[in-house]
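> Here you go, this is coords-v7.cif (mmCIF, N, CA and C atoms).
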data_data
loop_
_atom_site.label_atom_id
_atom_site.label_comp_id
_atom_site.auth_asym_id
_atom_site.auth_seq_id
_atom_site.Cartn_x
_atom_site.Cartn_y
_atom_site.Cartn_z
N MET A 1022 -36.85 3.76 28.10
CA MET A 1022 -35.77 4.68 27.85
C MET A 1022 -35.92 5.22 26.42
N LYS A 1023 -35.86 6.52 26.30
CA LYS A 1023 -36.04 7.18 25.01
C LYS A 1023 -34.70 7.28 24.29
N ARG A 1024 -34.69 6.90 23.02
CA ARG A 1024 -33.47 7.00 22.21
C ARG A 1024 -33.40 8.37 21.56
N HIS A 1025 -32.23 8.91 21.53
CA HIS A 1025 -32.03 10.18 20.85
C HIS A 1025 -31.91 9.94 19.36
N ARG A 1026 -32.24 10.96 18.59
CA ARG A 1026 -32.16 10.83 17.14
C ARG A 1026 -30.76 10.50 16.66
N TRP A 1027 -29.76 11.09 17.28
CA TRP A 1027 -28.38 10.87 16.85
C TRP A 1027 -27.89 9.46 17.15
N ALA A 1028 -28.56 8.77 18.05
CA ALA A 1028 -28.11 7.43 18.43
C ALA A 1028 -28.16 6.47 17.25
N ALA A 1029 -29.10 6.68 16.36
CA ALA A 1029 -29.20 5.81 15.19
C ALA A 1029 -28.13 6.15 14.15
N VAL A 1030 -27.69 7.40 14.12
CA VAL A 1030 -26.73 7.84 13.12
C VAL A 1030 -25.29 7.71 13.62
N ALA A 1031 -25.08 7.73 14.91
CA ALA A 1031 -23.73 7.70 15.49
C ALA A 1031 -22.90 6.51 15.02
N PRO A 1032 -23.45 5.29 14.99
CA PRO A 1032 -22.63 4.16 14.50
C PRO A 1032 -22.16 4.35 13.05
N LEU A 1033 -23.01 4.92 12.21
CA LEU A 1033 -22.61 5.16 10.82
C LEU A 1033 -21.50 6.21 10.74
N PHE A 1034 -21.62 7.25 11.55
CA PHE A 1034 -20.60 8.28 11.58
C PHE A 1034 -19.26 7.70 12.03
N LEU A 1035 -19.29 6.88 13.06
CA LEU A 1035 -18.06 6.25 13.54
C LEU A 1035 -17.46 5.31 12.50
N LEU A 1036 -18.31 4.61 11.79
CA LEU A 1036 -17.84 3.72 10.72
C LEU A 1036 -17.13 4.53 9.63
N LEU A 1037 -17.69 5.68 9.28
CA LEU A 1037 -17.04 6.54 8.28
C LEU A 1037 -15.69 7.03 8.76
N LEU A 1038 -15.59 7.38 10.03
CA LEU A 1038 -14.30 7.83 10.57
C LEU A 1038 -13.25 6.73 10.50
N VAL A 1039 -13.66 5.50 10.73
CA VAL A 1039 -12.73 4.38 10.69
C VAL A 1039 -12.35 4.03 9.26
N LEU A 1040 -13.32 4.05 8.36
CA LEU A 1040 -13.07 3.61 6.98
C LEU A 1040 -12.42 4.67 6.10
N ARG A 1041 -12.49 5.93 6.48
CA ARG A 1041 -11.94 7.00 5.64
C ARG A 1041 -10.46 6.81 5.31
N PRO A 1042 -9.58 6.57 6.30
CA PRO A 1042 -8.17 6.37 5.94
C PRO A 1042 -7.97 5.14 5.06
N TRP A 1043 -8.76 4.11 5.32
CA TRP A 1043 -8.67 2.89 4.53
C TRP A 1043 -9.06 3.18 3.08
N ALA A 1044 -10.13 3.95 2.88
CA ALA A 1044 -10.59 4.27 1.54
C ALA A 1044 -9.57 5.13 0.80
N ILE A 1045 -8.95 6.06 1.51
CA ILE A 1045 -7.94 6.91 0.88
C ILE A 1045 -6.78 6.06 0.39
N ALA A 1046 -6.31 5.16 1.22
CA ALA A 1046 -5.18 4.33 0.85
C ALA A 1046 -5.53 3.38 -0.28
N ARG A 1047 -6.77 2.99 -0.36
CA ARG A 1047 -7.19 2.05 -1.38
C ARG A 1047 -7.48 2.72 -2.72
N GLY A 1048 -7.30 4.02 -2.82
CA GLY A 1048 -7.46 4.69 -4.10
C GLY A 1048 -8.76 5.45 -4.25
N ALA A 1049 -9.58 5.52 -3.21
CA ALA A 1049 -10.82 6.26 -3.31
C ALA A 1049 -10.53 7.76 -3.43
N ASP A 1050 -9.39 8.17 -2.94
CA ASP A 1050 -8.97 9.56 -3.04
C ASP A 1050 -7.98 9.64 -4.20
N GLU A 1051 -8.02 10.71 -4.95
CA GLU A 1051 -7.15 10.85 -6.11
C GLU A 1051 -5.70 11.13 -5.74
N SER A 1052 -5.43 11.47 -4.50
CA SER A 1052 -4.07 11.80 -4.13
C SER A 1052 -3.60 11.00 -2.91
N PRO A 1053 -3.21 9.74 -3.13
CA PRO A 1053 -2.72 8.96 -2.00
C PRO A 1053 -1.38 9.51 -1.52
N THR A 1054 -1.07 9.26 -0.29
CA THR A 1054 0.21 9.68 0.27
C THR A 1054 1.08 8.46 0.48
N ILE A 1055 2.36 8.69 0.68
CA ILE A 1055 3.26 7.58 0.96
C ILE A 1055 2.78 6.86 2.22
N LYS A 1056 2.38 7.63 3.21
CA LYS A 1056 1.93 7.05 4.48
C LYS A 1056 0.69 6.17 4.28
N SER A 1057 -0.27 6.63 3.49
CA SER A 1057 -1.49 5.84 3.28
C SER A 1057 -1.21 4.57 2.48
N VAL A 1058 -0.32 4.67 1.50
CA VAL A 1058 0.04 3.48 0.72
C VAL A 1058 0.80 2.48 1.60
N MET A 1059 1.74 2.97 2.38
CA MET A 1059 2.51 2.09 3.27
C MET A 1059 1.61 1.38 4.28
N LYS A 1060 0.62 2.08 4.78
CA LYS A 1060 -0.28 1.49 5.77
C LYS A 1060 -0.99 0.27 5.19
N VAL A 1061 -1.60 0.44 4.05
CA VAL A 1061 -2.37 -0.66 3.46
C VAL A 1061 -1.45 -1.72 2.87
N ALA A 1062 -0.45 -1.29 2.14
CA ALA A 1062 0.40 -2.24 1.43
C ALA A 1062 1.31 -3.04 2.36
N PHE A 1063 1.84 -2.39 3.38
CA PHE A 1063 2.84 -3.06 4.21
C PHE A 1063 2.39 -3.31 5.64
N LYS A 1064 1.95 -2.29 6.33
CA LYS A 1064 1.60 -2.46 7.74
C LYS A 1064 0.39 -3.36 7.93
N ASP A 1065 -0.56 -3.31 7.02
CA ASP A 1065 -1.74 -4.16 7.12
C ASP A 1065 -1.50 -5.57 6.58
N GLY A 1066 -0.32 -5.83 6.03
CA GLY A 1066 0.06 -7.18 5.64
C GLY A 1066 -0.24 -7.60 4.22
N LEU A 1067 -0.66 -6.68 3.37
CA LEU A 1067 -0.96 -7.06 1.99
C LEU A 1067 0.28 -7.54 1.25
N ALA A 1068 1.40 -6.87 1.43
CA ALA A 1068 2.65 -7.27 0.76
C ALA A 1068 3.04 -8.69 1.16
N ARG A 1069 2.93 -8.99 2.44
CA ARG A 1069 3.29 -10.33 2.92
C ARG A 1069 2.38 -11.39 2.32
N LYS A 1070 1.06 -11.08 2.22
CA LYS A 1070 0.14 -12.04 1.61
C LYS A 1070 0.50 -12.31 0.16
N VAL A 1071 0.84 -11.25 -0.56
CA VAL A 1071 1.19 -11.40 -1.97
C VAL A 1071 2.50 -12.19 -2.10
N ALA A 1072 3.50 -11.86 -1.29
CA ALA A 1072 4.81 -12.51 -1.37
C ALA A 1072 4.75 -13.99 -1.00
N THR A 1073 3.84 -14.35 -0.10
CA THR A 1073 3.76 -15.75 0.33
C THR A 1073 2.77 -16.57 -0.49
N GLY A 1074 2.13 -15.93 -1.47
CA GLY A 1074 1.22 -16.65 -2.34
C GLY A 1074 -0.16 -16.86 -1.74
N LYS A 1075 -0.48 -16.16 -0.65
CA LYS A 1075 -1.78 -16.32 0.01
C LYS A 1075 -2.81 -15.29 -0.43
N ALA A 1076 -2.42 -14.38 -1.31
CA ALA A 1076 -3.31 -13.31 -1.76
C ALA A 1076 -4.15 -13.78 -2.94
N THR A 1077 -5.36 -13.26 -3.00
CA THR A 1077 -6.22 -13.54 -4.15
C THR A 1077 -5.74 -12.70 -5.33
N ALA A 1078 -6.27 -12.98 -6.49
CA ALA A 1078 -5.93 -12.20 -7.68
C ALA A 1078 -6.32 -10.74 -7.48
N GLN A 1079 -7.45 -10.50 -6.81
CA GLN A 1079 -7.89 -9.14 -6.54
C GLN A 1079 -6.90 -8.43 -5.62
N GLU A 1080 -6.43 -9.10 -4.58
CA GLU A 1080 -5.46 -8.51 -3.66
C GLU A 1080 -4.13 -8.23 -4.37
N GLN A 1081 -3.73 -9.13 -5.25
CA GLN A 1081 -2.51 -8.91 -6.02
C GLN A 1081 -2.65 -7.66 -6.89
N GLY A 1082 -3.79 -7.53 -7.54
CA GLY A 1082 -4.04 -6.35 -8.36
C GLY A 1082 -4.06 -5.07 -7.55
N GLU A 1083 -4.62 -5.16 -6.36
CA GLU A 1083 -4.66 -4.00 -5.47
C GLU A 1083 -3.25 -3.60 -5.05
N PHE A 1084 -2.42 -4.60 -4.73
CA PHE A 1084 -1.04 -4.31 -4.34
C PHE A 1084 -0.27 -3.71 -5.51
N LEU A 1085 -0.54 -4.18 -6.71
CA LEU A 1085 0.10 -3.61 -7.90
C LEU A 1085 -0.29 -2.14 -8.06
N LYS A 1086 -1.56 -1.82 -7.89
CA LYS A 1086 -2.01 -0.42 -8.00
C LYS A 1086 -1.37 0.45 -6.92
N LEU A 1087 -1.28 -0.07 -5.71
CA LEU A 1087 -0.65 0.69 -4.63
C LEU A 1087 0.82 0.93 -4.92
N SER A 1088 1.50 -0.08 -5.47
CA SER A 1088 2.91 0.06 -5.81
C SER A 1088 3.11 1.08 -6.92
N GLN A 1089 2.22 1.07 -7.89
CA GLN A 1089 2.28 2.06 -8.98
C GLN A 1089 2.02 3.46 -8.45
N ALA A 1090 1.10 3.59 -7.50
CA ALA A 1090 0.82 4.89 -6.90
C ALA A 1090 2.05 5.39 -6.14
N LEU A 1091 2.71 4.48 -5.44
CA LEU A 1091 3.92 4.84 -4.69
C LEU A 1091 5.01 5.34 -5.62
N GLN A 1092 5.11 4.72 -6.78
CA GLN A 1092 6.13 5.09 -7.75
C GLN A 1092 5.94 6.53 -8.25
N LYS A 1093 4.72 7.00 -8.28
CA LYS A 1093 4.42 8.34 -8.79
C LYS A 1093 4.63 9.44 -7.75
N LEU A 1094 4.83 9.05 -6.49
CA LEU A 1094 4.97 10.04 -5.42
C LEU A 1094 6.42 10.52 -5.30
N THR A 1095 6.58 11.63 -4.63
CA THR A 1095 7.90 12.21 -4.41
C THR A 1095 8.40 11.83 -3.03
N PRO A 1096 9.64 11.35 -2.93
CA PRO A 1096 10.15 10.96 -1.61
C PRO A 1096 10.34 12.18 -0.71
N PRO A 1097 10.14 12.01 0.59
CA PRO A 1097 10.30 13.14 1.50
C PRO A 1097 11.76 13.58 1.64
N GLN A 1098 12.66 12.67 1.37
CA GLN A 1098 14.09 13.01 1.37
C GLN A 1098 14.82 12.01 0.49
N GLY A 1099 16.03 12.33 0.15
CA GLY A 1099 16.82 11.45 -0.70
C GLY A 1099 16.67 11.80 -2.17
N ASP A 1100 17.42 11.09 -2.97
CA ASP A 1100 17.51 11.31 -4.41
C ASP A 1100 16.27 10.77 -5.13
N ALA A 1101 15.68 11.57 -5.98
CA ALA A 1101 14.50 11.16 -6.75
C ALA A 1101 14.83 9.99 -7.68
N GLU A 1102 16.05 9.96 -8.19
CA GLU A 1102 16.45 8.85 -9.07
C GLU A 1102 16.48 7.53 -8.30
N SER A 1103 16.98 7.56 -7.08
CA SER A 1103 16.99 6.37 -6.23
C SER A 1103 15.56 5.90 -5.95
N TRP A 1104 14.68 6.85 -5.64
CA TRP A 1104 13.28 6.53 -5.38
C TRP A 1104 12.65 5.86 -6.60
N SER A 1105 12.90 6.44 -7.76
CA SER A 1105 12.35 5.90 -9.00
C SER A 1105 12.85 4.48 -9.25
N GLU A 1106 14.13 4.26 -9.03
CA GLU A 1106 14.73 2.94 -9.25
C GLU A 1106 14.13 1.90 -8.30
N LYS A 1107 14.01 2.26 -7.03
CA LYS A 1107 13.51 1.32 -6.03
C LYS A 1107 12.02 1.02 -6.22
N THR A 1108 11.24 2.04 -6.50
CA THR A 1108 9.81 1.81 -6.69
C THR A 1108 9.53 1.09 -8.00
N LYS A 1109 10.35 1.32 -9.02
CA LYS A 1109 10.21 0.57 -10.27
C LYS A 1109 10.49 -0.90 -10.02
N GLY A 1110 11.52 -1.18 -9.20
CA GLY A 1110 11.82 -2.56 -8.84
C GLY A 1110 10.65 -3.23 -8.12
N LEU A 1111 9.98 -2.46 -7.25
CA LEU A 1111 8.81 -2.98 -6.55
C LEU A 1111 7.68 -3.29 -7.52
N VAL A 1112 7.39 -2.34 -8.40
CA VAL A 1112 6.31 -2.53 -9.38
C VAL A 1112 6.62 -3.74 -10.27
N ASP A 1113 7.86 -3.84 -10.74
CA ASP A 1113 8.24 -4.97 -11.59
C ASP A 1113 8.11 -6.30 -10.86
N ALA A 1114 8.47 -6.32 -9.57
CA ALA A 1114 8.38 -7.55 -8.77
C ALA A 1114 6.92 -7.95 -8.57
N VAL A 1115 6.07 -6.98 -8.26
CA VAL A 1115 4.64 -7.28 -8.08
C VAL A 1115 4.05 -7.77 -9.40
N GLN A 1116 4.43 -7.13 -10.49
CA GLN A 1116 3.93 -7.56 -11.80
C GLN A 1116 4.36 -8.99 -12.10
N ALA A 1117 5.58 -9.36 -11.72
CA ALA A 1117 6.06 -10.74 -11.92
C ALA A 1117 5.22 -11.73 -11.12
N VAL A 1118 4.81 -11.35 -9.92
CA VAL A 1118 3.94 -12.22 -9.12
C VAL A 1118 2.57 -12.33 -9.77
N VAL A 1119 2.02 -11.20 -10.19
CA VAL A 1119 0.71 -11.19 -10.84
C VAL A 1119 0.73 -12.05 -12.10
N ASP A 1120 1.84 -11.97 -12.85
CA ASP A 1120 1.99 -12.76 -14.09
C ASP A 1120 2.38 -14.21 -13.82
N LYS A 1121 2.48 -14.58 -12.54
CA LYS A 1121 2.81 -15.95 -12.11
C LYS A 1121 4.16 -16.43 -12.62
N LYS A 1122 5.13 -15.53 -12.67
CA LYS A 1122 6.49 -15.91 -13.05
C LYS A 1122 7.16 -16.58 -11.86
N ASP A 1123 7.99 -17.56 -12.14
CA ASP A 1123 8.65 -18.33 -11.07
C ASP A 1123 9.49 -17.46 -10.16
N GLU A 1124 10.16 -16.46 -10.72
CA GLU A 1124 11.05 -15.60 -9.92
C GLU A 1124 10.29 -14.50 -9.18
N GLY A 1125 8.99 -14.36 -9.40
CA GLY A 1125 8.18 -13.30 -8.81
C GLY A 1125 8.27 -13.19 -7.30
N PRO A 1126 8.01 -14.28 -6.56
CA PRO A 1126 8.07 -14.17 -5.09
C PRO A 1126 9.46 -13.76 -4.57
N ALA A 1127 10.52 -14.28 -5.15
CA ALA A 1127 11.87 -13.91 -4.71
C ALA A 1127 12.16 -12.44 -5.02
N LEU A 1128 11.74 -11.99 -6.19
CA LEU A 1128 11.92 -10.57 -6.54
C LEU A 1128 11.14 -9.68 -5.58
N LEU A 1129 9.93 -10.10 -5.24
CA LEU A 1129 9.10 -9.30 -4.34
C LEU A 1129 9.69 -9.25 -2.93
N ARG A 1130 10.20 -10.37 -2.43
CA ARG A 1130 10.83 -10.36 -1.11
C ARG A 1130 12.01 -9.40 -1.08
N ALA A 1131 12.80 -9.38 -2.14
CA ALA A 1131 13.95 -8.47 -2.21
C ALA A 1131 13.49 -7.02 -2.33
N ALA A 1132 12.45 -6.79 -3.10
CA ALA A 1132 11.97 -5.42 -3.34
C ALA A 1132 11.23 -4.84 -2.13
N THR A 1133 10.80 -5.69 -1.22
CA THR A 1133 10.05 -5.20 -0.05
C THR A 1133 10.91 -5.19 1.21
N ASN A 1134 12.21 -5.18 1.06
CA ASN A 1134 13.11 -5.03 2.20
C ASN A 1134 13.01 -3.57 2.65
N CYS A 1135 12.34 -3.34 3.75
CA CYS A 1135 12.01 -1.98 4.20
C CYS A 1135 13.21 -1.06 4.32
N MET A 1136 14.27 -1.55 4.91
CA MET A 1136 15.40 -0.68 5.23
C MET A 1136 16.14 -0.18 3.99
N VAL A 1137 16.02 -0.89 2.89
CA VAL A 1137 16.67 -0.43 1.65
C VAL A 1137 16.15 0.96 1.26
N CYS A 1138 14.86 1.16 1.40
CA CYS A 1138 14.27 2.48 1.09
C CYS A 1138 14.28 3.41 2.29
N HIS A 1139 13.97 2.88 3.46
CA HIS A 1139 13.84 3.73 4.65
C HIS A 1139 15.15 4.41 5.03
N ASP A 1140 16.26 3.73 4.85
CA ASP A 1140 17.55 4.34 5.19
C ASP A 1140 17.81 5.60 4.37
N ILE A 1141 17.31 5.61 3.14
CA ILE A 1141 17.59 6.72 2.23
C ILE A 1141 16.44 7.74 2.18
N HIS A 1142 15.21 7.25 2.18
CA HIS A 1142 14.08 8.13 1.86
C HIS A 1142 13.14 8.48 3.01
N LYS A 1143 13.20 7.77 4.11
CA LYS A 1143 12.28 8.08 5.22
C LYS A 1143 12.93 9.09 6.16
N PRO A 1144 12.22 10.16 6.46
CA PRO A 1144 12.78 11.14 7.40
C PRO A 1144 13.00 10.51 8.77
N LYS A 1145 14.05 10.91 9.42
CA LYS A 1145 14.39 10.36 10.74
C LYS A 1145 13.56 11.01 11.79
#
The structure in this file should be written as structure tokens.


Amino acid sequence: MKRHRWAAVAPLFLLLLVLRPWAIARGADESPTIKSVMKVAFKDGLARKVATGKATAQEQGEFLKLSQALQKLTPPQGDAESWSEKTKGLVDAVQAVVDKKDEGPALLRAATNCMVCHDIHKPK
């Protein structure tokens, strides 16, 4: 059976399609979106790993960068001041975990309560 030339390249192309959103959310793109940050930070479980103490120092640093990126974005709805306050609380909580402060995990659990932000800032 003869292999086509594209058969050798197809797996690489598919890998790029799968990894592209992941790379964007991880900061490979200069303009992350709220959706891309939420995917990596929350839906993929990074926040939970950090809050439960199961994250490596590298993962904690990554979550801190994602939280800082989120803070710089504009909410799709709701008051910008509220967004700033809530995202600052998240960044401060992640920093407390990174700095190994005793109150860090409790602050992070409170700051990652989804509905606190979603009720105000997520479009219905």

> Can you tell me which residues surround segment 1094-1106 of chain A at a distance of at most 7 Å, considering only N, CA and C atoms, apart from same-chain residues fewer than 4 positions away, and format the answer as a VMD selection string?

chain A and resid 1055 1089 to 1090 1110 to 1111 1141 to 1144

> Which value, in Å to one decimal, gives the distance between atom N of Thr1133 of chain A and atom C of Gly1074 of chain A?

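Distance between the two atoms: 15.7 Å.
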
> Hey, can you check how far atom CA of Met1059 of chain A sits from atom CA of Glu1124 of chain A?

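Computing it gives 23.7 Å between the two atoms.
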
> Any idea what's packed within 8 Å of Ala1132 of chain A, counting all atoms listed in the file, ignoring anything in its chain fewer than 2 positions away? Could you give it as a PDB file with N, CA and C atoms, keeping the file's coordinate frame?


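Result went into around-v1.pdb, see below:
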ATOM      1  N   LYS A1107      14.010   2.260  -7.030  1.00  0.00           N
ATOM      2  CA  LYS A1107      13.510   1.320  -6.030  1.00  0.00           C
ATOM      3  C   LYS A1107      12.020   1.020  -6.220  1.00  0.00           C
ATOM      4  N   GLY A1110      11.520  -1.180  -9.200  1.00  0.00           N
ATOM      5  CA  GLY A1110      11.820  -2.560  -8.840  1.00  0.00           C
ATOM      6  C   GLY A1110      10.650  -3.230  -8.120  1.00  0.00           C
ATOM      7  N   LEU A1111       9.980  -2.460  -7.250  1.00  0.00           N
ATOM      8  CA  LEU A1111       8.810  -2.980  -6.550  1.00  0.00           C
ATOM      9  C   LEU A1111       7.680  -3.290  -7.520  1.00  0.00           C
ATOM     10  N   VAL A1112       7.390  -2.340  -8.400  1.00  0.00           N
ATOM     11  CA  VAL A1112       6.310  -2.530  -9.380  1.00  0.00           C
ATOM     12  C   VAL A1112       6.620  -3.740 -10.270  1.00  0.00           C
ATOM     13  N   ALA A1114       8.470  -6.320  -9.570  1.00  0.00           N
ATOM     14  CA  ALA A1114       8.380  -7.550  -8.770  1.00  0.00           C
ATOM     15  C   ALA A1114       6.920  -7.950  -8.570  1.00  0.00           C
ATOM     16  N   VAL A1115       6.070  -6.980  -8.260  1.00  0.00           N
ATOM     17  CA  VAL A1115       4.640  -7.280  -8.080  1.00  0.00           C
ATOM     18  C   VAL A1115       4.050  -7.770  -9.400  1.00  0.00           C
ATOM     19  N   PRO A1126       8.010 -14.280  -6.560  1.00  0.00           N
ATOM     20  CA  PRO A1126       8.070 -14.170  -5.090  1.00  0.00           C
ATOM     21  C   PRO A1126       9.460 -13.760  -4.570  1.00  0.00           C
ATOM     22  N   ALA A1127      10.520 -14.280  -5.150  1.00  0.00           N
ATOM     23  CA  ALA A1127      11.870 -13.910  -4.710  1.00  0.00           C
ATOM     24  C   ALA A1127      12.160 -12.440  -5.020  1.00  0.00           C
ATOM     25  N   LEU A1128      11.740 -11.990  -6.190  1.00  0.00           N
ATOM     26  CA  LEU A1128      11.920 -10.570  -6.540  1.00  0.00           C
ATOM     27  C   LEU A1128      11.140  -9.680  -5.580  1.00  0.00           C
ATOM     28  N   LEU A1129       9.930 -10.100  -5.240  1.00  0.00           N
ATOM     29  CA  LEU A1129       9.100  -9.300  -4.340  1.00  0.00           C
ATOM     30  C   LEU A1129       9.690  -9.250  -2.930  1.00  0.00           C
ATOM     31  N   ARG A1130      10.200 -10.370  -2.430  1.00  0.00           N
ATOM     32  CA  ARG A1130      10.830 -10.360  -1.110  1.00  0.00           C
ATOM     33  C   ARG A1130      12.010  -9.400  -1.080  1.00  0.00           C
ATOM     34  N   ASN A1134      12.210  -5.180   1.060  1.00  0.00           N
ATOM     35  CA  ASN A1134      13.110  -5.030   2.200  1.00  0.00           C
ATOM     36  C   ASN A1134      13.010  -3.570   2.650  1.00  0.00           C
ATOM     37  N   CYS A1135      12.340  -3.340   3.750  1.00  0.00           N
ATOM     38  CA  CYS A1135      12.010  -1.980   4.200  1.00  0.00           C
ATOM     39  C   CYS A1135      13.210  -1.060   4.320  1.00  0.00           C
ATOM     40  N   VAL A1137      16.020  -0.890   2.890  1.00  0.00           N
ATOM     41  CA  VAL A1137      16.670  -0.430   1.650  1.00  0.00           C
ATOM     42  C   VAL A1137      16.150   0.960   1.260  1.00  0.00           C
ATOM     43  N   CYS A1138      14.860   1.160   1.400  1.00  0.00           N
ATOM     44  CA  CYS A1138      14.270   2.480   1.090  1.00  0.00           C
ATOM     45  C   CYS A1138      14.280   3.410   2.290  1.00  0.00           C
TER      46      CYS A1138
END

> Apply the PyMOL selection byres ((chain A and resi 1071) around 8) to the structure shown and report the selected residues as a list in words.

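Checked against the file, the PyMOL selection byres ((chain A and resi 1071) around 8) matches Gly1066, Leu1067, Ala1068, Arg1069, Lys1070, Ala1072, Thr1073, Gly1074, Lys1075, Ala1076, Thr1077, Glu1080, Gln1081, Phe1084, Val1118, Gly1125, Pro1126, Leu1129 and Arg1130 of chain A.
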
> With distances taken over only C-alpha atoms, which of A:Asp1120, A:Ala1062, A:Glu1083, A:Leu1091 is nearest to Thr1108 of chain A?

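For Thr1108 of chain A, the nearest of the given residues is A:Leu1091.
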
> So the first atom is atom N of Ala1117 of chain A and the second is atom CA of Leu1087 of chain A; what is the distance between them in Å, to one decimal place?

13.8 Å
